[in-house]
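S.K.: Quick one, input_38.cif (mmCIF, C-alpha atoms):
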```cif
data_upload
#
loop_
_atom_site.label_atom_id
_atom_site.label_comp_id
_atom_site.auth_asym_id
_atom_site.auth_seq_id
_atom_site.Cartn_x
_atom_site.Cartn_y
_atom_site.Cartn_z
CA MET A 1256 -1.52 19.45 1.17
CA SER A 1257 -4.86 19.42 2.98
CA ILE A 1258 -7.43 16.84 1.98
CA ALA A 1259 -11.10 17.63 2.44
CA ASN A 1260 -13.18 15.72 4.97
CA TYR A 1261 -10.77 12.80 5.36
CA LYS A 1262 -9.25 13.96 8.64
CA GLU A 1263 -10.10 10.71 10.43
CA HIS A 1264 -8.52 8.70 7.64
CA THR A 1265 -5.33 10.76 7.77
CA LYS A 1266 -5.25 10.51 11.55
CA ALA A 1267 -5.57 6.73 11.36
CA PHE A 1268 -2.71 6.60 8.87
CA ASN A 1269 -0.47 8.81 10.99
CA SER A 1270 -0.97 6.43 13.92
CA LEU A 1271 0.74 3.72 11.84
CA LEU A 1272 3.95 5.72 11.88
CA HIS A 1273 4.32 5.46 15.65
CA LYS A 1274 6.73 2.84 16.94
CA ASN A 1275 4.21 1.62 19.51
CA CYS A 1276 1.37 1.24 16.98
CA ASN A 1277 -1.11 -1.43 18.16
CA LYS A 1278 -3.21 -1.57 14.97
CA PRO A 1279 -0.73 -2.09 12.11
CA ILE A 1280 -3.40 -2.82 9.49
CA LEU A 1281 -5.41 0.02 7.93
CA LEU A 1282 -8.14 -0.54 5.35
CA PHE A 1283 -9.51 2.21 3.10
CA LYS A 1284 -12.76 1.08 1.46
CA GLY A 1285 -14.77 3.14 -1.01
CA GLY A 1286 -16.51 3.04 -4.36
CA SER A 1287 -15.10 4.34 -7.61
CA GLY A 1288 -14.47 8.09 -7.51
CA THR A 1289 -14.29 8.41 -3.73
CA GLY A 1290 -10.61 9.31 -3.81
CA LYS A 1291 -8.86 6.20 -2.49
CA SER A 1292 -5.74 6.56 -4.63
CA PHE A 1293 -5.69 10.31 -3.99
CA LEU A 1294 -5.87 9.61 -0.26
CA MET A 1295 -3.05 7.06 -0.54
CA GLU A 1296 -0.84 9.64 -2.24
CA HIS A 1297 -1.74 12.16 0.43
CA CYS A 1298 -0.81 9.66 3.14
CA ARG A 1299 2.49 8.87 1.48
CA ALA A 1300 3.33 12.57 1.63
CA GLN A 1301 2.96 12.39 5.43
CA ILE A 1302 5.78 9.84 5.70
CA GLN A 1303 8.94 11.57 6.80
CA GLY A 1304 12.25 10.81 8.40
CA ASP A 1305 13.51 7.24 8.46
CA VAL A 1306 10.15 5.49 8.01
CA HIS A 1307 10.36 3.12 5.03
CA GLN A 1308 7.60 2.91 2.44
CA VAL A 1309 6.68 0.73 -0.52
CA LEU A 1310 3.69 1.49 -2.77
CA VAL A 1311 2.28 -1.42 -4.79
CA ASP A 1312 -0.30 -0.84 -7.54
CA LEU A 1313 -2.12 -4.17 -7.61
CA ARG A 1314 -3.46 -3.47 -11.10
CA ALA A 1315 0.07 -3.89 -12.42
CA THR A 1316 1.05 -6.82 -10.19
CA SER A 1317 0.51 -10.35 -11.45
CA ASN A 1318 1.94 -12.41 -8.58
CA VAL A 1319 3.30 -12.24 -5.04
CA MET A 1320 6.85 -12.69 -6.29
CA GLN A 1321 6.68 -9.22 -7.84
CA ILE A 1322 5.80 -7.72 -4.46
CA PHE A 1323 8.85 -9.38 -2.89
CA LEU A 1324 11.04 -8.04 -5.71
CA GLN A 1325 9.61 -4.54 -5.52
CA THR A 1326 10.18 -4.41 -1.78
CA GLY A 1327 13.76 -5.62 -2.15
CA ARG A 1328 14.52 -3.01 -4.80
CA ARG A 1329 12.85 -0.22 -2.81
CA LEU A 1330 14.49 -0.94 0.55
CA SER A 1331 17.74 -2.54 -0.75
CA TRP A 1332 18.38 -6.27 -0.87
CA GLU A 1333 20.96 -5.80 1.89
CA CYS A 1334 17.99 -5.64 4.27
CA PHE A 1335 16.74 -9.11 3.28
CA ASP A 1336 19.47 -11.58 4.24
CA ASN A 1337 17.01 -13.96 5.88
CA PHE A 1338 14.73 -13.93 2.83
CA LYS A 1339 17.64 -14.51 0.43
CA GLN A 1340 18.86 -17.42 2.55
CA HIS A 1341 15.43 -19.08 2.47
CA VAL A 1342 15.14 -18.64 -1.30
CA GLY A 1343 18.49 -20.39 -1.73
CA GLU A 1344 17.61 -23.16 0.72
CA LEU A 1345 14.31 -23.88 -1.02
CA ASN A 1346 16.07 -24.17 -4.36
CA ARG A 1347 18.61 -26.58 -2.87
CA GLN A 1348 15.93 -28.68 -1.16
CA LEU A 1349 14.02 -28.96 -4.43
CA ASN A 1350 17.19 -29.63 -6.46
CA ILE A 1351 16.58 -26.57 -8.62
CA ASN A 1352 19.82 -25.50 -10.29
CA VAL A 1353 20.16 -21.82 -11.14
CA ASN A 1354 23.97 -21.73 -11.22
CA GLY A 1355 23.95 -21.28 -14.97
CA ASN A 1356 22.38 -17.85 -14.70
CA THR A 1357 24.57 -15.23 -16.34
CA GLN A 1358 22.55 -12.14 -15.48
CA ALA A 1359 24.44 -9.52 -13.52
CA GLY A 1360 23.26 -8.07 -10.25
CA LEU A 1361 21.84 -9.42 -7.01
CA GLY A 1362 18.27 -8.39 -7.82
CA ASN A 1363 18.36 -10.26 -11.14
CA MET A 1364 19.73 -13.38 -9.45
CA ILE A 1365 16.96 -13.35 -6.85
CA ASN A 1366 14.43 -12.87 -9.64
CA VAL A 1367 15.75 -15.96 -11.42
CA GLU A 1368 15.75 -18.01 -8.21
CA LEU A 1369 12.17 -17.01 -7.41
CA LYS A 1370 10.98 -17.80 -10.94
CA ALA A 1371 12.58 -21.24 -10.63
CA LEU A 1372 10.60 -21.84 -7.43
CA PHE A 1373 7.22 -20.80 -8.78
CA ASP A 1374 7.07 -21.20 -12.56
CA ASN A 1375 6.20 -24.92 -12.61
CA ALA A 1376 4.72 -25.24 -9.13
CA THR A 1377 1.17 -26.34 -8.43
CA LEU A 1378 -1.23 -23.98 -6.67
CA GLU A 1379 -0.70 -25.83 -3.40
CA GLN A 1380 3.08 -25.73 -3.79
CA ARG A 1381 3.02 -22.03 -4.62
CA ASP A 1382 0.97 -21.21 -1.52
CA GLU A 1383 3.25 -23.31 0.69
CA ARG A 1384 6.41 -21.67 -0.68
CA TYR A 1385 4.88 -18.20 -0.42
CA SER A 1386 4.14 -18.86 3.26
CA THR A 1387 7.72 -19.91 3.95
CA LEU A 1388 9.20 -16.93 2.14
CA THR A 1389 6.70 -14.45 3.56
CA ASN A 1390 7.68 -15.40 7.10
CA ALA A 1391 11.35 -14.89 6.25
CA TRP A 1392 10.64 -11.61 4.41
CA ALA A 1393 8.52 -10.33 7.31
CA GLU A 1394 11.27 -11.24 9.77
CA ASP A 1395 13.72 -9.10 7.79
CA ILE A 1396 11.25 -6.18 7.84
CA ASN A 1397 10.83 -6.66 11.58
CA ASN A 1398 14.61 -6.32 11.97
CA LEU A 1399 14.63 -2.85 10.38
CA ASP A 1400 15.51 0.05 12.65
CA ASN A 1401 12.30 1.91 11.76
CA PRO A 1402 8.74 1.08 10.67
CA CYS A 1403 8.03 0.03 7.09
CA VAL A 1404 4.69 0.98 5.52
CA LEU A 1405 3.41 -1.21 2.68
CA LEU A 1406 0.69 0.59 0.69
CA LEU A 1407 -1.38 -1.75 -1.48
CA ASP A 1408 -3.69 0.13 -3.82
CA VAL A 1409 -6.65 -1.04 -5.96
CA TYR A 1410 -7.19 -4.27 -4.02
CA GLU A 1411 -10.25 -5.20 -6.11
CA SER A 1412 -7.97 -5.55 -9.17
CA ALA A 1413 -5.68 -8.11 -7.52
CA ASN A 1414 -5.94 -11.71 -8.73
CA SER A 1415 -7.09 -14.51 -6.43
CA GLU A 1416 -3.55 -15.63 -5.58
CA ILE A 1417 -2.50 -12.17 -4.41
CA LYS A 1418 -5.75 -11.63 -2.48
CA ARG A 1419 -5.30 -14.99 -0.75
CA TRP A 1420 -1.73 -14.04 0.18
CA ILE A 1421 -2.69 -10.58 1.49
CA THR A 1422 -5.60 -11.86 3.57
CA GLY A 1423 -3.60 -14.78 4.90
CA ASP A 1424 0.20 -14.69 5.07
CA LEU A 1425 0.84 -10.95 4.78
CA LEU A 1426 -1.66 -9.58 7.28
CA SER A 1427 -1.02 -12.44 9.72
CA CYS A 1428 2.67 -11.49 9.67
CA ALA A 1429 1.80 -7.82 10.15
CA VAL A 1430 0.02 -8.67 13.41
CA ASP A 1431 3.20 -10.20 14.84
CA SER A 1432 5.66 -7.64 13.47
CA ALA A 1433 6.94 -4.67 15.44
CA GLN A 1434 7.88 -2.75 12.28
CA MET A 1435 5.52 -3.78 9.47
CA ARG A 1436 2.49 -1.62 8.71
CA VAL A 1437 0.05 -2.44 5.90
CA VAL A 1438 -2.46 -0.12 4.21
CA VAL A 1439 -4.92 -1.68 1.75
CA ALA A 1440 -7.21 0.49 -0.38
CA GLY A 1441 -9.95 -0.72 -2.67
CA GLN A 1442 -13.61 -0.94 -3.55
CA ASP A 1443 -13.52 -4.07 -1.43
CA VAL A 1444 -10.91 -4.92 1.19
CA PRO A 1445 -9.65 -8.07 2.96
CA GLU A 1446 -11.66 -9.64 5.75
CA SER A 1447 -10.51 -12.06 8.44
CA PHE A 1448 -11.22 -12.66 12.10
CA GLY A 1449 -7.59 -13.70 12.52
CA TRP A 1450 -6.23 -10.15 12.39
CA ASN A 1451 -9.41 -8.08 12.79
CA HIS A 1452 -8.41 -6.95 16.30
CA CYS A 1453 -5.25 -5.36 14.86
CA SER A 1454 -6.94 -3.54 12.00
CA GLU A 1455 -8.92 -0.37 11.42
CA LEU A 1456 -11.44 0.13 8.62
CA LYS A 1457 -12.11 3.61 7.25
CA GLU A 1458 -14.75 3.99 4.54
CA LEU A 1459 -14.69 6.73 1.91
CA TYR A 1460 -17.82 8.31 0.48
CA GLY A 1461 -16.38 11.16 -1.58
CA VAL A 1462 -16.54 14.83 -0.58
CA PRO A 1463 -19.51 16.52 -2.31
CA GLU A 1464 -19.95 19.31 0.29
CA ALA A 1465 -18.45 22.57 -0.99
CA GLU A 1466 -17.74 23.86 2.53
CA GLU A 1467 -15.34 20.98 3.16
CA TRP A 1468 -13.09 22.24 0.37
CA LEU A 1469 -12.68 25.77 1.69
CA PRO A 1470 -9.75 24.86 4.02
CA VAL A 1471 -8.08 23.07 1.10
CA ILE A 1472 -8.38 26.14 -1.11
CA LYS A 1473 -6.95 28.30 1.66
CA ALA A 1474 -4.07 25.88 2.32
CA LEU A 1475 -3.17 25.94 -1.37
CA GLY A 1476 -3.19 29.72 -1.43
CA ARG A 1477 -5.92 29.79 -4.07
CA ARG A 1478 -9.14 31.75 -4.44
CA ILE A 1479 -12.49 30.89 -6.01
CA PRO A 1480 -12.62 32.97 -9.19
CA ILE A 1481 -16.39 33.40 -9.66
CA GLU A 1482 -19.10 34.89 -7.44
CA PRO A 1483 -21.04 33.74 -5.58
CA GLN A 1484 -18.04 31.66 -4.63
CA LEU A 1485 -19.71 28.92 -2.60
CA THR A 1486 -22.37 28.39 -5.26
CA TYR A 1487 -19.68 28.11 -7.93
CA LEU A 1488 -17.71 25.64 -5.83
CA ALA A 1489 -20.85 23.63 -5.06
CA GLY A 1490 -21.49 23.34 -8.79
CA ILE A 1491 -18.00 21.91 -9.31
CA CYS A 1492 -18.46 19.41 -6.47
CA HIS A 1493 -21.82 18.31 -7.87
CA ALA A 1494 -20.57 18.01 -11.45
CA LEU A 1495 -17.59 15.92 -10.33
CA LYS A 1496 -19.77 13.81 -7.99
CA GLY A 1497 -17.60 14.55 -4.97
CA ASN A 1498 -14.51 12.91 -6.51
CA PRO A 1499 -11.65 14.29 -4.38
CA GLY A 1500 -8.91 13.81 -6.96
CA ALA A 1501 -10.88 15.52 -9.72
CA ILE A 1502 -12.01 18.38 -7.47
CA ALA A 1503 -8.47 18.93 -6.21
CA LYS A 1504 -7.20 19.26 -9.78
CA VAL A 1505 -9.77 21.96 -10.48
CA ILE A 1506 -8.81 23.81 -7.28
CA GLU A 1507 -5.15 23.67 -8.23
CA GLY A 1508 -6.11 25.57 -11.38
CA PHE A 1509 -7.77 28.39 -9.42
CA PRO A 1510 -5.90 31.75 -9.39
CA ARG A 1511 -3.54 32.39 -6.49
CA GLN A 1512 -4.46 34.62 -3.59
CA GLN A 1513 -3.16 38.13 -4.09
#
```
Would you mind giving the structure from this file in C-alpha coordinates?

M.R.:
Amino acid sequence: MSIANYKEHTKAFNSLLHKNCNKPILLFKGGSGTGKSFLMEHCRAQIQGDVHQVLVDLRATSNVMQIFLQTGRRLSWECFDNFKQHVGELNRQLNINVNGNTQAGLGNMINVELKALFDNATLEQRDERYSTLTNAWAEDINNLDNPCVLLLDVYESANSEIKRWITGDLLSCAVDSAQMRVVVAGQDVPESFGWNHCSELKELYGVPEAEEWLPVIKALGRRIPIEPQLTYLAGICHALKGNPGAIAKVIEGFPRQQ
(Lines of atoms letter the chains of each structure in order from A and count residues from 1; the text may use other names and numbers.)
(Lines give C-alpha, C1' and ligand atoms only; values in the text may rest on other atoms or scores of the structure.)
Protein backbone atom coordinates (compact mmCIF):
# COMPACT_ATOMS: atom_id res chain seq x y z
CA MET A 1 0.00 0.00 0.00
CA SER A 2 1.20 3.54 -0.70
CA ILE A 3 1.66 5.90 2.22
CA ALA A 4 1.24 9.61 1.66
CA ASN A 5 4.23 11.95 1.96
CA TYR A 6 6.45 9.53 3.88
CA LYS A 7 8.56 8.47 0.92
CA GLU A 8 11.83 9.45 2.62
CA HIS A 9 10.87 7.47 5.71
CA THR A 10 10.06 4.38 3.65
CA LYS A 11 13.27 4.77 1.68
CA ALA A 12 15.29 4.97 4.90
CA PHE A 13 13.59 1.81 6.16
CA ASN A 14 14.22 -0.09 2.93
CA SER A 15 17.93 0.72 3.23
CA LEU A 16 17.97 -1.31 6.47
CA LEU A 17 17.11 -4.44 4.52
CA HIS A 18 20.36 -4.34 2.53
CA LYS A 19 23.12 -6.64 3.70
CA ASN A 20 25.69 -3.85 3.46
CA CYS A 21 23.62 -1.36 5.49
CA ASN A 22 25.91 1.18 7.22
CA LYS A 23 23.23 2.85 9.36
CA PRO A 24 21.43 0.02 11.18
CA ILE A 25 19.50 2.32 13.54
CA LEU A 26 16.41 4.19 12.30
CA LEU A 27 14.41 6.56 14.50
CA PHE A 28 10.87 7.71 13.68
CA LYS A 29 9.91 10.70 15.84
CA GLY A 30 6.54 12.44 15.78
CA GLY A 31 3.74 13.74 17.94
CA SER A 32 0.47 11.96 18.61
CA GLY A 33 -1.56 11.45 15.45
CA THR A 34 1.33 11.76 13.00
CA GLY A 35 1.06 8.12 11.97
CA LYS A 36 4.09 6.47 13.58
CA SER A 37 2.41 3.12 14.21
CA PHE A 38 0.76 3.25 10.79
CA LEU A 39 4.17 3.88 9.24
CA MET A 40 5.67 0.98 11.20
CA GLU A 41 2.99 -1.36 9.87
CA HIS A 42 3.61 -0.06 6.37
CA CYS A 43 7.33 -0.71 6.77
CA ARG A 44 6.74 -4.21 8.06
CA ALA A 45 4.79 -4.93 4.88
CA GLN A 46 7.94 -4.10 2.88
CA ILE A 47 9.88 -6.92 4.54
CA GLN A 48 10.04 -9.87 2.20
CA GLY A 49 12.06 -12.98 1.59
CA ASP A 50 14.30 -14.31 4.34
CA VAL A 51 14.65 -11.09 6.34
CA HIS A 52 13.64 -11.72 9.96
CA GLN A 53 11.42 -9.32 11.87
CA VAL A 54 10.21 -8.84 15.43
CA LEU A 55 7.69 -6.14 16.39
CA VAL A 56 7.62 -5.07 20.04
CA ASP A 57 4.83 -2.84 21.39
CA LEU A 58 6.55 -1.13 24.31
CA ARG A 59 3.19 -0.22 25.87
CA ALA A 60 2.69 -3.91 26.64
CA THR A 61 6.27 -4.67 27.65
CA SER A 62 7.25 -4.39 31.30
CA ASN A 63 10.89 -5.50 31.19
CA VAL A 64 13.78 -6.40 28.90
CA MET A 65 13.34 -10.09 29.64
CA GLN A 66 10.05 -10.02 27.73
CA ILE A 67 11.85 -8.68 24.65
CA PHE A 68 14.35 -11.56 24.82
CA LEU A 69 11.48 -14.04 25.13
CA GLN A 70 9.47 -12.51 22.31
CA THR A 71 12.48 -12.60 20.01
CA GLY A 72 13.19 -16.23 20.86
CA ARG A 73 9.59 -17.25 20.19
CA ARG A 74 9.45 -15.27 16.94
CA LEU A 75 12.72 -16.50 15.44
CA SER A 76 12.89 -19.92 17.18
CA TRP A 77 15.01 -20.68 20.22
CA GLU A 78 17.19 -22.87 18.02
CA CYS A 79 18.78 -19.62 16.80
CA PHE A 80 19.88 -18.60 20.31
CA ASP A 81 22.32 -21.25 21.51
CA ASN A 82 24.82 -18.67 22.75
CA PHE A 83 22.12 -16.79 24.68
CA LYS A 84 20.78 -20.00 26.26
CA GLN A 85 24.29 -21.01 27.29
CA HIS A 86 24.89 -17.67 29.01
CA VAL A 87 21.56 -17.84 30.85
CA GLY A 88 22.51 -21.26 32.20
CA GLU A 89 26.04 -20.16 33.13
CA LEU A 90 24.76 -17.13 35.03
CA ASN A 91 22.37 -19.29 37.01
CA ARG A 92 25.19 -21.69 37.88
CA GLN A 93 27.56 -18.88 38.86
CA LEU A 94 24.91 -17.40 41.15
CA ASN A 95 23.93 -20.81 42.56
CA ILE A 96 20.36 -20.40 41.36
CA ASN A 97 18.66 -23.79 41.15
CA VAL A 98 15.87 -24.14 38.60
CA ASN A 99 16.08 -27.92 38.21
CA GLY A 100 12.79 -28.37 40.00
CA ASN A 101 10.88 -26.68 37.20
CA THR A 102 8.22 -28.99 35.80
CA GLN A 103 6.95 -26.80 32.98
CA ALA A 104 7.18 -28.36 29.56
CA GLY A 105 8.88 -26.74 26.61
CA LEU A 106 12.17 -24.96 25.98
CA GLY A 107 10.60 -21.50 25.95
CA ASN A 108 9.01 -22.05 29.36
CA MET A 109 12.30 -23.28 30.80
CA ILE A 110 14.15 -20.20 29.55
CA ASN A 111 11.39 -18.03 31.00
CA VAL A 112 11.86 -19.65 34.40
CA GLU A 113 15.65 -19.30 34.24
CA LEU A 114 15.41 -15.62 33.30
CA LYS A 115 12.91 -14.91 36.08
CA ALA A 116 15.28 -16.54 38.55
CA LEU A 117 18.06 -14.20 37.39
CA PHE A 118 16.06 -10.98 37.64
CA ASP A 119 13.22 -11.32 40.15
CA ASN A 120 15.26 -10.57 43.28
CA ALA A 121 18.14 -8.67 41.69
CA THR A 122 19.03 -5.08 42.52
CA LEU A 123 18.88 -2.42 39.81
CA GLU A 124 22.64 -2.58 39.40
CA GLN A 125 22.60 -6.38 39.18
CA ARG A 126 19.78 -6.33 36.65
CA ASP A 127 21.64 -3.88 34.40
CA GLU A 128 24.84 -5.92 34.63
CA ARG A 129 23.05 -9.18 33.78
CA TYR A 130 21.12 -7.54 30.95
CA SER A 131 24.42 -6.37 29.45
CA THR A 132 25.90 -9.86 29.57
CA LEU A 133 22.83 -11.48 28.05
CA THR A 134 22.33 -8.75 25.44
CA ASN A 135 25.83 -9.30 24.10
CA ALA A 136 25.16 -13.04 23.82
CA TRP A 137 21.71 -12.48 22.28
CA ALA A 138 23.13 -9.98 19.77
CA GLU A 139 25.89 -12.42 18.84
CA ASP A 140 23.26 -15.03 18.00
CA ILE A 141 21.38 -12.51 15.83
CA ASN A 142 24.66 -11.63 14.12
CA ASN A 143 25.10 -15.32 13.27
CA LEU A 144 21.81 -15.45 11.35
CA ASP A 145 22.04 -15.95 7.60
CA ASN A 146 19.95 -12.84 6.90
CA PRO A 147 19.25 -9.46 8.54
CA CYS A 148 16.89 -9.24 11.51
CA VAL A 149 14.78 -6.10 11.96
CA LEU A 150 13.64 -5.24 15.48
CA LEU A 151 10.75 -2.75 15.42
CA LEU A 152 10.17 -1.03 18.76
CA ASP A 153 6.98 1.02 18.79
CA VAL A 154 5.67 3.65 21.25
CA TYR A 155 9.07 4.35 22.81
CA GLU A 156 7.65 7.09 25.06
CA SER A 157 5.58 4.43 26.89
CA ALA A 158 8.60 2.30 27.81
CA ASN A 159 9.68 2.31 31.45
CA SER A 160 13.06 3.67 32.52
CA GLU A 161 14.71 0.23 32.61
CA ILE A 162 13.75 -0.56 29.02
CA LYS A 163 14.72 2.92 27.79
CA ARG A 164 18.10 2.60 29.49
CA TRP A 165 18.61 -0.81 27.85
CA ILE A 166 17.58 0.40 24.37
CA THR A 167 19.76 3.52 24.50
CA GLY A 168 22.71 1.63 25.92
CA ASP A 169 23.12 -2.12 25.39
CA LEU A 170 20.77 -2.69 22.45
CA LEU A 171 21.79 0.14 20.14
CA SER A 172 25.48 -0.27 21.00
CA CYS A 173 25.21 -3.91 19.92
CA ALA A 174 23.38 -2.89 16.73
CA VAL A 175 26.37 -0.73 15.73
CA ASP A 176 28.69 -3.74 15.85
CA SER A 177 26.31 -6.30 14.32
CA ALA A 178 26.29 -7.23 10.65
CA GLN A 179 22.70 -8.52 10.82
CA MET A 180 20.81 -6.56 13.48
CA ARG A 181 18.68 -3.58 12.44
CA VAL A 182 16.66 -1.55 14.96
CA VAL A 183 13.74 0.80 14.28
CA VAL A 184 12.43 2.89 17.18
CA ALA A 185 9.25 4.95 16.86
CA GLY A 186 7.86 7.35 19.41
CA GLN A 187 6.96 10.86 20.45
CA ASP A 188 10.50 10.96 21.76
CA VAL A 189 13.34 8.67 20.71
CA PRO A 190 16.71 7.56 22.14
CA GLU A 191 19.71 9.87 22.01
CA SER A 192 23.39 8.99 22.33
CA PHE A 193 26.64 10.15 20.79
CA GLY A 194 27.91 6.57 21.05
CA TRP A 195 25.86 5.29 18.10
CA ASN A 196 24.70 8.55 16.49
CA HIS A 197 26.97 8.03 13.47
CA CYS A 198 25.16 4.76 12.70
CA SER A 199 21.64 6.13 13.02
CA GLU A 200 19.16 8.10 10.96
CA LEU A 201 16.38 10.27 12.39
CA LYS A 202 13.19 10.85 10.41
CA GLU A 203 10.55 13.13 11.90
CA LEU A 204 6.83 12.82 11.17
CA TYR A 205 4.49 15.78 11.00
CA GLY A 206 1.29 14.17 9.73
CA VAL A 207 -0.05 14.56 6.18
CA PRO A 208 -2.68 17.33 6.08
CA GLU A 209 -2.23 18.16 2.36
CA ALA A 210 -5.04 16.60 0.30
CA GLU A 211 -2.87 16.38 -2.83
CA GLU A 212 -0.48 14.00 -1.08
CA TRP A 213 -3.28 11.45 -0.72
CA LEU A 214 -4.22 11.30 -4.39
CA PRO A 215 -1.55 8.66 -5.26
CA VAL A 216 -2.73 6.59 -2.29
CA ILE A 217 -6.33 6.70 -3.49
CA LYS A 218 -5.21 5.68 -6.97
CA ALA A 219 -3.02 2.85 -5.65
CA LEU A 220 -5.97 1.49 -3.67
CA GLY A 221 -8.21 1.60 -6.71
CA ARG A 222 -10.63 3.98 -5.00
CA ARG A 223 -12.34 7.18 -6.08
CA ILE A 224 -13.41 10.29 -4.16
CA PRO A 225 -17.20 10.07 -4.02
CA ILE A 226 -18.16 13.75 -3.74
CA GLU A 227 -17.46 16.77 -5.97
CA PRO A 228 -15.46 18.90 -5.91
CA GLN A 229 -13.22 15.99 -5.06
CA LEU A 230 -10.13 17.82 -3.83
CA THR A 231 -12.21 20.11 -1.62
CA TYR A 232 -13.98 17.10 -0.11
CA LEU A 233 -10.67 15.34 0.50
CA ALA A 234 -9.15 18.50 1.99
CA GLY A 235 -12.06 18.66 4.43
CA ILE A 236 -11.35 15.10 5.57
CA CYS A 237 -7.64 15.84 6.02
CA HIS A 238 -8.43 18.96 8.02
CA ALA A 239 -11.04 17.27 10.20
CA LEU A 240 -8.66 14.40 10.98
CA LYS A 241 -5.73 16.80 11.56
CA GLY A 242 -3.53 15.04 9.03
CA ASN A 243 -3.55 11.75 10.96
CA PRO A 244 -2.38 9.21 8.34
CA GLY A 245 -3.95 6.16 9.95
CA ALA A 246 -7.35 7.81 10.32
CA ILE A 247 -7.29 9.29 6.82
CA ALA A 248 -6.28 5.96 5.31
CA LYS A 249 -9.25 4.25 6.97
CA VAL A 250 -11.61 6.79 5.41
CA ILE A 251 -10.01 6.29 1.99
CA GLU A 252 -10.37 2.53 2.29
CA GLY A 253 -14.11 3.14 2.64
CA PHE A 254 -14.31 5.11 -0.61
CA PRO A 255 -16.07 3.35 -3.54
CA ARG A 256 -13.89 1.39 -5.95
CA GLN A 257 -12.92 2.73 -9.34
CA GLN A 258 -15.25 1.47 -12.03

S.K.: Taking all atoms listed in the file into account, name the residue in A:Glu1383, A:Glu1482, A:Glu1446, A:Glu1333 that is nearest to Lys1418 in chain A.

M.R.: A:Glu1446

S.K.: Using the chain letters and numbers from the file, which residues does the PyMOL selection byres ((chain A and resi 1456-1465) around 6) grab, as a list in words?

M.R.: Leu1282, Phe1283, Lys1284, Gly1285, Thr1289, Glu1455, Glu1466, Glu1467, Trp1468, Leu1488, Ala1489, Cys1492, Gly1497 and Asn1498 of chain A

S.K.: Name the residues in contact with Leu1405 in chain A at a cut-off of 9 Å, using all atoms listed in the file, excluding same-chain residues fewer than 2 positions from it; report them as a PyMOL selection string.

M.R.: chain A and resi 1307-1311+1326+1403+1407+1435-1439

S.K.: Please evaluate the PyMOL selection byres ((chain A and resi 1316) around 12) against the displayed coordinates and give the resulting residues as an NGL selection string.

M.R.: :A and (1310-1315 or 1317-1325 or 1407-1410 or 1412-1418)

S.K.: What does the file look like for those residues with C-alpha atoms, as an mmCIF file, keeping the file's coordinate frame?

M.R.:
```
data_model
loop_
_atom_site.group_PDB
_atom_site.id
_atom_site.type_symbol
_atom_site.label_atom_id
_atom_site.label_comp_id
_atom_site.auth_asym_id
_atom_site.auth_seq_id
_atom_site.Cartn_x
_atom_site.Cartn_y
_atom_site.Cartn_z
ATOM 1 C CA LEU A 1310 3.690 1.490 -2.770
ATOM 2 C CA VAL A 1311 2.280 -1.420 -4.790
ATOM 3 C CA ASP A 1312 -0.300 -0.840 -7.540
ATOM 4 C CA LEU A 1313 -2.120 -4.170 -7.610
ATOM 5 C CA ARG A 1314 -3.460 -3.470 -11.100
ATOM 6 C CA ALA A 1315 0.070 -3.890 -12.420
ATOM 7 C CA SER A 1317 0.510 -10.350 -11.450
ATOM 8 C CA ASN A 1318 1.940 -12.410 -8.580
ATOM 9 C CA VAL A 1319 3.300 -12.240 -5.040
ATOM 10 C CA MET A 1320 6.850 -12.690 -6.290
ATOM 11 C CA GLN A 1321 6.680 -9.220 -7.840
ATOM 12 C CA ILE A 1322 5.800 -7.720 -4.460
ATOM 13 C CA PHE A 1323 8.850 -9.380 -2.890
ATOM 14 C CA LEU A 1324 11.040 -8.040 -5.710
ATOM 15 C CA GLN A 1325 9.610 -4.540 -5.520
ATOM 16 C CA LEU A 1407 -1.380 -1.750 -1.480
ATOM 17 C CA ASP A 1408 -3.690 0.130 -3.820
ATOM 18 C CA VAL A 1409 -6.650 -1.040 -5.960
ATOM 19 C CA TYR A 1410 -7.190 -4.270 -4.020
ATOM 20 C CA SER A 1412 -7.970 -5.550 -9.170
ATOM 21 C CA ALA A 1413 -5.680 -8.110 -7.520
ATOM 22 C CA ASN A 1414 -5.940 -11.710 -8.730
ATOM 23 C CA SER A 1415 -7.090 -14.510 -6.430
ATOM 24 C CA GLU A 1416 -3.550 -15.630 -5.580
ATOM 25 C CA ILE A 1417 -2.500 -12.170 -4.410
ATOM 26 C CA LYS A 1418 -5.750 -11.630 -2.480
#
```

S.K.: Let me know the residues the PyMOL selection byres ((chain A and resi 1402) around 10) catches in the file above, as a ChimeraX atom specification.

M.R.: /A:1271-1276,1305-1308,1396-1401,1403-1405,1432-1436

S.K.: Find the distance between CA of Leu1495 in chain A and CA of Gly1288 in chain A and write it in Å to one decimal.

M.R.: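 CA of Leu1495 in chain A sits 8.9 Å away from CA of Gly1288 in chain A.
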
S.K.: What is the CA of Tyr1487 in chain A-CA of Tyr1261 in chain A distance in Å, reported with one decimal?

M.R.: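 These atoms are spaced 22.1 Å apart.
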
S.K.: With only C-alpha atoms as the counted atoms, please give the residues lying no more than 10 Å from Asp1336 in chain A, apart from itself and same-chain residues fewer than 6 positions off, as a PyMOL selection string.

M.R.: chain A and resi 1342+1391-1392+1394-1395
